[in-house]
Amino acid sequence: MKVFLIDDQKITNVLNKKYLNMIREDLVIYDFDDPELALEALEKEKPALIFLDLNMPIVSGWDILSFMRNHHIEIPVIILTSSNSQQDREKATLYHNVFSFQLKPLTKIRFTDLLDDALKSGNEGDIGTKLVPDQKPEK
Amino acid sequence: MEGIQSYLGYKILFEAMVRFSAGISEVKSLENLPGQISRHLKYLINFHDFRFYYVVPEGMDSIVVDKSGYASYAFGCHLDPNSVEAEVMETGIPAQINCSETGHQIHCWKFTNGKDQDSLIRIQSQDTVSQAENSIPIIKVINKMVAARVENLKMIDLIHRQNQKLEKLTVALHSKNKEVRELNRLQEATIQVKTASLKSSNSKLKALIQFNSHQLREPLTRVLGMIAIKDDIPQDEFISDILPLMQESVLDLDLAVREVVERSELLKDEIETT
């Protein structure tokens, strides 16, 4: 299963990649510290799940969400942000493919739960999440 | 023959009366009234010196006209207590005095023209024959016309002065009104400036909050994340993969904290100076 990690901070991607590899061995992880490259790869690779940072220079997490909406790319997104702003949390609910809104840093346990929820396409979302109905991530 | 002569006499008298009346009606101010009287009175009566006193509770005005053409109007005059006028004024009884030196006769009458308005007429003439008897109806008419005209002109004068006062008041009001409007305009401008500066401070404050939420927390979460993974991976892996990256994140955190402090102080100064 393909998973995208999009964060302009390399170290965040390194940490997240380590956690994901710890939890499951069958994941193919693509990490991007340049969001523009992620945009290019999106349609070609068609990942099953995206971990997305919001606050990035040039191309922000919002830009990527809008790009997906405009191109009808229906991939579940877990927002991973360091911002605890309520404004961002509310804005995220406007994108129906945003599966979960999480504050950094994520621990191993949180990663396990999130991944389980996402792959089971569980209907119970996490704090501030909005789940896409009938939207099952492909295996 | 006598009938025709008396008819002619009346016609001339009537004509003179009309001219006198028209003459004083034309006058637009009290000061010019004696001149008109002087022009037309000689066709009505024989006189060497004609005086008219206009008496109201507020005071007395006088008109003096003589045969040589002297004519004057005096406001607020007083009678000599020993004069014939003073006597007539007090008693109301007409007086006639013969002046033995000049051979002149002096006649004086008092008229009551209305409530609180009296007048005196004093005529000095050279007539040897008593003119009083013949002339009384004419004197009465002259008194009525002159008194009415004086009253009228005084009223016009009063209205004119009140108008002037009103105009002054209007001008003062206009200038006050202008001042008030100018004050309002200044206040509005001040409010606009204040509002604009508040808006600017507000948006800068919002930007600062946004900055705190993103730029400050971001390097902090990186450090926290690196610390959190320490127990989940082997120590040598942590030392080789994570630790070298730690310094960069800690430095970023330090920079961000400094910028927040700087921005807060700038904003504080800006808010305090407005």
# chains A, B, ... in the order shown; residues from 1 in each chain; ligands from 1
>>> select_by_dssp(residues="segment 61-96 of chain A", states="alpha helix (DSSP H)", output="VMD selection string")
chain A and resid 61 to 70 86 to 92
>>> interface_residues(of="chain A", to="chain B", cutoff="6 Å", atoms="only C-alpha atoms", output="PyMOL selection string")
chain A and resi 82-83+104-105
>>> residues_around(residues="segment 84-90 of chain B", least_positions_apart="4", cutoff="7 Å", atoms="only C-alpha atoms", output="list in words")
Leu79, Asp80, Pro94, Ala95, Cys108, Trp109 and Lys110 of chain B
>>> write_last_selection(atoms="C-alpha atoms", output="PDB file, in the first residue's frame")
ATOM      1  CA  LEU B  79     -37.835 122.269  26.404  1.00  0.00           C
ATOM      2  CA  ASP B  80     -36.581 125.363  28.172  1.00  0.00           C
ATOM      3  CA  PRO B  94     -52.949 127.545  23.297  1.00  0.00           C
ATOM      4  CA  ALA B  95     -50.778 130.624  23.781  1.00  0.00           C
ATOM      5  CA  CYS B 108     -48.304 127.734  20.266  1.00  0.00           C
ATOM      6  CA  TRP B 109     -50.720 124.771  20.328  1.00  0.00           C
ATOM      7  CA  LYS B 110     -50.695 121.370  21.891  1.00  0.00           C
TER       8      LYS B 110
END
>>> residues_around(residues="Val65 of chain B", least_positions_apart="4", cutoff="7 Å", atoms="only C-alpha atoms", output="ChimeraX atom specification")
/B:34,38,49-51,69-72
>>> write_last_selection(atoms="N, CA and C atoms", output="PDB file, in the first residue's frame")
ATOM      1  N   PRO B  34     -37.444 117.842   7.769  1.00  0.00           N
ATOM      2  CA  PRO B  34     -37.515 119.313   7.868  1.00  0.00           C
ATOM      3  C   PRO B  34     -37.327 120.009   6.527  1.00  0.00           C
ATOM      4  N   SER B  38     -39.905 122.664   4.925  1.00  0.00           N
ATOM      5  CA  SER B  38     -39.472 124.012   4.581  1.00  0.00           C
ATOM      6  C   SER B  38     -39.868 124.365   3.148  1.00  0.00           C
ATOM      7  N   ASP B  49     -40.762 131.503  11.636  1.00  0.00           N
ATOM      8  CA  ASP B  49     -40.077 130.397  12.293  1.00  0.00           C
ATOM      9  C   ASP B  49     -41.142 129.378  12.695  1.00  0.00           C
ATOM     10  N   PHE B  50     -40.933 128.098  12.248  1.00  0.00           N
ATOM     11  CA  PHE B  50     -41.917 127.051  12.534  1.00  0.00           C
ATOM     12  C   PHE B  50     -41.242 125.944  13.339  1.00  0.00           C
ATOM     13  N   ARG B  51     -41.876 125.561  14.463  1.00  0.00           N
ATOM     14  CA  ARG B  51     -41.314 124.467  15.269  1.00  0.00           C
ATOM     15  C   ARG B  51     -42.377 123.414  15.517  1.00  0.00           C
ATOM     16  N   GLY B  69     -34.677 129.316   5.265  1.00  0.00           N
ATOM     17  CA  GLY B  69     -34.341 128.013   4.669  1.00  0.00           C
ATOM     18  C   GLY B  69     -33.667 127.079   5.646  1.00  0.00           C
ATOM     19  N   TYR B  70     -33.415 127.535   6.866  1.00  0.00           N
ATOM     20  CA  TYR B  70     -32.808 126.662   7.867  1.00  0.00           C
ATOM     21  C   TYR B  70     -33.801 125.563   8.203  1.00  0.00           C
ATOM     22  N   ALA B  71     -33.353 124.328   8.254  1.00  0.00           N
ATOM     23  CA  ALA B  71     -34.234 123.203   8.590  1.00  0.00           C
ATOM     24  C   ALA B  71     -33.424 122.154   9.335  1.00  0.00           C
ATOM     25  N   SER B  72     -33.934 121.736  10.503  1.00  0.00           N
ATOM     26  CA  SER B  72     -33.170 120.708  11.235  1.00  0.00           C
ATOM     27  C   SER B  72     -34.084 119.800  12.035  1.00  0.00           C
TER      28      SER B  72
END
>>> residues_around(residues="Ile58 of chain A", least_positions_apart="3", cutoff="12 Å", atoms="only C-alpha atoms", output="ChimeraX atom specification")
/A:8,33-36,54-55,61-64
>>> write_last_selection(atoms="N, CA and C atoms", output="PDB file, in the first residue's frame")
ATOM      1  N   ASP A   8       7.418  19.873   4.700  1.00  0.00           N
ATOM      2  CA  ASP A   8       8.625  20.560   4.236  1.00  0.00           C
ATOM      3  C   ASP A   8       9.791  20.367   5.204  1.00  0.00           C
ATOM      4  N   ASP A  33       9.631  16.470   0.872  1.00  0.00           N
ATOM      5  CA  ASP A  33       9.783  17.739   1.582  1.00  0.00           C
ATOM      6  C   ASP A  33       9.560  18.908   0.618  1.00  0.00           C
ATOM      7  N   ASP A  34       9.278  18.574  -0.659  1.00  0.00           N
ATOM      8  CA  ASP A  34       8.871  19.595  -1.636  1.00  0.00           C
ATOM      9  C   ASP A  34       7.438  19.279  -2.076  1.00  0.00           C
ATOM     10  N   PRO A  35       6.478  20.050  -1.612  1.00  0.00           N
ATOM     11  CA  PRO A  35       5.076  19.740  -1.914  1.00  0.00           C
ATOM     12  C   PRO A  35       4.780  19.717  -3.411  1.00  0.00           C
ATOM     13  N   GLU A  36       5.542  20.484  -4.187  1.00  0.00           N
ATOM     14  CA  GLU A  36       5.285  20.512  -5.640  1.00  0.00           C
ATOM     15  C   GLU A  36       5.544  19.156  -6.285  1.00  0.00           C
ATOM     16  N   LEU A  54       0.212  21.384   6.924  1.00  0.00           N
ATOM     17  CA  LEU A  54      -0.529  22.521   6.369  1.00  0.00           C
ATOM     18  C   LEU A  54       0.378  23.701   6.031  1.00  0.00           C
ATOM     19  N   ASN A  55       1.238  24.050   6.968  1.00  0.00           N
ATOM     20  CA  ASN A  55       2.007  25.278   6.823  1.00  0.00           C
ATOM     21  C   ASN A  55       3.333  25.029   6.108  1.00  0.00           C
ATOM     22  N   GLY A  61      -0.452  23.108   2.484  1.00  0.00           N
ATOM     23  CA  GLY A  61      -1.334  21.949   2.584  1.00  0.00           C
ATOM     24  C   GLY A  61      -2.708  22.244   2.006  1.00  0.00           C
ATOM     25  N   TRP A  62      -3.153  23.492   2.214  1.00  0.00           N
ATOM     26  CA  TRP A  62      -4.463  23.901   1.656  1.00  0.00           C
ATOM     27  C   TRP A  62      -4.441  23.856   0.135  1.00  0.00           C
ATOM     28  N   ASP A  63      -3.311  24.272  -0.453  1.00  0.00           N
ATOM     29  CA  ASP A  63      -3.193  24.255  -1.920  1.00  0.00           C
ATOM     30  C   ASP A  63      -3.338  22.827  -2.434  1.00  0.00           C
ATOM     31  N   ILE A  64      -2.725  21.909  -1.709  1.00  0.00           N
ATOM     32  CA  ILE A  64      -2.790  20.512  -2.145  1.00  0.00           C
ATOM     33  C   ILE A  64      -4.227  19.986  -2.017  1.00  0.00           C
TER      34      ILE A  64
END
>>> residues_around(residues="Val28 of chain A", least_positions_apart="5", cutoff="9 Å", atoms="only C-alpha atoms", output="number ranges by chain")
A: 1-4
>>> residues_around(residues="Asn98 of chain B", least_positions_apart="4", cutoff="10 Å", atoms="only C-alpha atoms", output="PDB file with N, CA and C atoms, in the first residue's frame")
ATOM      1  N   THR B 102     -39.568 142.829  17.919  1.00  0.00           N
ATOM      2  CA  THR B 102     -39.551 142.484  16.491  1.00  0.00           C
ATOM      3  C   THR B 102     -40.891 142.717  15.837  1.00  0.00           C
ATOM      4  N   GLY B 103     -41.916 142.851  16.640  1.00  0.00           N
ATOM      5  CA  GLY B 103     -43.251 142.968  16.085  1.00  0.00           C
ATOM      6  C   GLY B 103     -43.821 141.623  15.674  1.00  0.00           C
ATOM      7  N   HIS B 104     -43.137 140.558  16.067  1.00  0.00           N
ATOM      8  CA  HIS B 104     -43.620 139.218  15.714  1.00  0.00           C
ATOM      9  C   HIS B 104     -44.679 138.749  16.676  1.00  0.00           C
ATOM     10  N   GLN B 105     -45.437 137.799  16.178  1.00  0.00           N
ATOM     11  CA  GLN B 105     -46.394 137.118  17.047  1.00  0.00           C
ATOM     12  C   GLN B 105     -45.968 135.659  17.187  1.00  0.00           C
ATOM     13  N   ILE B 106     -46.100 135.141  18.408  1.00  0.00           N
ATOM     14  CA  ILE B 106     -45.781 133.723  18.608  1.00  0.00           C
ATOM     15  C   ILE B 106     -47.055 133.001  19.029  1.00  0.00           C
ATOM     16  N   HIS B 107     -47.363 131.904  18.256  1.00  0.00           N
ATOM     17  CA  HIS B 107     -48.529 131.072  18.587  1.00  0.00           C
ATOM     18  C   HIS B 107     -48.036 129.689  18.940  1.00  0.00           C
ATOM     19  N   GLN B 124     -43.861 131.426  14.718  1.00  0.00           N
ATOM     20  CA  GLN B 124     -43.553 132.840  14.920  1.00  0.00           C
ATOM     21  C   GLN B 124     -43.756 133.514  13.570  1.00  0.00           C
ATOM     22  N   SER B 125     -44.575 134.545  13.551  1.00  0.00           N
ATOM     23  CA  SER B 125     -44.843 135.187  12.249  1.00  0.00           C
ATOM     24  C   SER B 125     -44.900 136.708  12.384  1.00  0.00           C
ATOM     25  N   GLN B 126     -44.868 137.317  11.193  1.00  0.00           N
ATOM     26  CA  GLN B 126     -44.867 138.787  11.197  1.00  0.00           C
ATOM     27  C   GLN B 126     -46.262 139.368  11.020  1.00  0.00           C
ATOM     28  N   THR B 128     -49.506 140.977  11.333  1.00  0.00           N
ATOM     29  CA  THR B 128     -50.053 141.882  12.342  1.00  0.00           C
ATOM     30  C   THR B 128     -51.453 141.433  12.711  1.00  0.00           C
TER      31      THR B 128
END
>>> decode(residues="segment 88-125 of chain A", atoms="C-alpha atoms", output="PDB file, in the first residue's frame")
ATOM      1  CA  ASP A  88      -7.435  25.754  10.679  1.00  0.00           C
ATOM      2  CA  ARG A  89      -9.392  22.952  12.312  1.00  0.00           C
ATOM      3  CA  GLU A  90     -12.666  24.459  11.112  1.00  0.00           C
ATOM      4  CA  LYS A  91     -11.342  25.084   7.624  1.00  0.00           C
ATOM      5  CA  ALA A  92     -10.264  21.461   7.356  1.00  0.00           C
ATOM      6  CA  THR A  93     -13.852  20.270   7.788  1.00  0.00           C
ATOM      7  CA  LEU A  94     -14.649  21.932   4.447  1.00  0.00           C
ATOM      8  CA  TYR A  95     -12.615  19.244   2.617  1.00  0.00           C
ATOM      9  CA  HIS A  96     -14.606  16.044   2.688  1.00  0.00           C
ATOM     10  CA  ASN A  97     -11.602  13.769   2.109  1.00  0.00           C
ATOM     11  CA  VAL A  98      -9.836  14.999   5.249  1.00  0.00           C
ATOM     12  CA  PHE A  99     -10.031  11.947   7.432  1.00  0.00           C
ATOM     13  CA  SER A 100      -8.402  13.284  10.558  1.00  0.00           C
ATOM     14  CA  PHE A 101      -6.861  16.466  11.971  1.00  0.00           C
ATOM     15  CA  GLN A 102      -3.837  15.748  14.203  1.00  0.00           C
ATOM     16  CA  LEU A 103      -1.442  17.885  16.165  1.00  0.00           C
ATOM     17  CA  LYS A 104       2.249  17.122  15.948  1.00  0.00           C
ATOM     18  CA  PRO A 105       4.148  15.271  17.197  1.00  0.00           C
ATOM     19  CA  LEU A 106       2.444  11.905  16.746  1.00  0.00           C
ATOM     20  CA  THR A 107       3.514   9.004  18.987  1.00  0.00           C
ATOM     21  CA  LYS A 108       3.750   5.414  17.940  1.00  0.00           C
ATOM     22  CA  ILE A 109       0.424   4.544  19.600  1.00  0.00           C
ATOM     23  CA  ARG A 110      -1.407   7.365  17.853  1.00  0.00           C
ATOM     24  CA  PHE A 111       0.079   6.280  14.522  1.00  0.00           C
ATOM     25  CA  THR A 112      -1.101   2.704  15.103  1.00  0.00           C
ATOM     26  CA  ASP A 113      -4.643   3.812  15.928  1.00  0.00           C
ATOM     27  CA  LEU A 114      -4.813   6.230  13.005  1.00  0.00           C
ATOM     28  CA  LEU A 115      -3.561   3.666  10.517  1.00  0.00           C
ATOM     29  CA  ASP A 116      -6.027   1.083  11.817  1.00  0.00           C
ATOM     30  CA  ASP A 117      -8.885   3.535  11.504  1.00  0.00           C
ATOM     31  CA  ALA A 118      -7.866   4.592   8.035  1.00  0.00           C
ATOM     32  CA  LEU A 119      -7.411   1.083   6.675  1.00  0.00           C
ATOM     33  CA  LYS A 120     -10.563  -0.276   8.272  1.00  0.00           C
ATOM     34  CA  SER A 121     -12.225   2.759   6.768  1.00  0.00           C
ATOM     35  CA  GLY A 122     -13.708   3.074  10.196  1.00  0.00           C
ATOM     36  CA  ASN A 123     -16.558   5.454  10.420  1.00  0.00           C
ATOM     37  CA  GLU A 124     -15.551   6.788  13.821  1.00  0.00           C
ATOM     38  CA  GLY A 125     -13.232   9.608  13.068  1.00  0.00           C
TER      39      GLY A 125
END
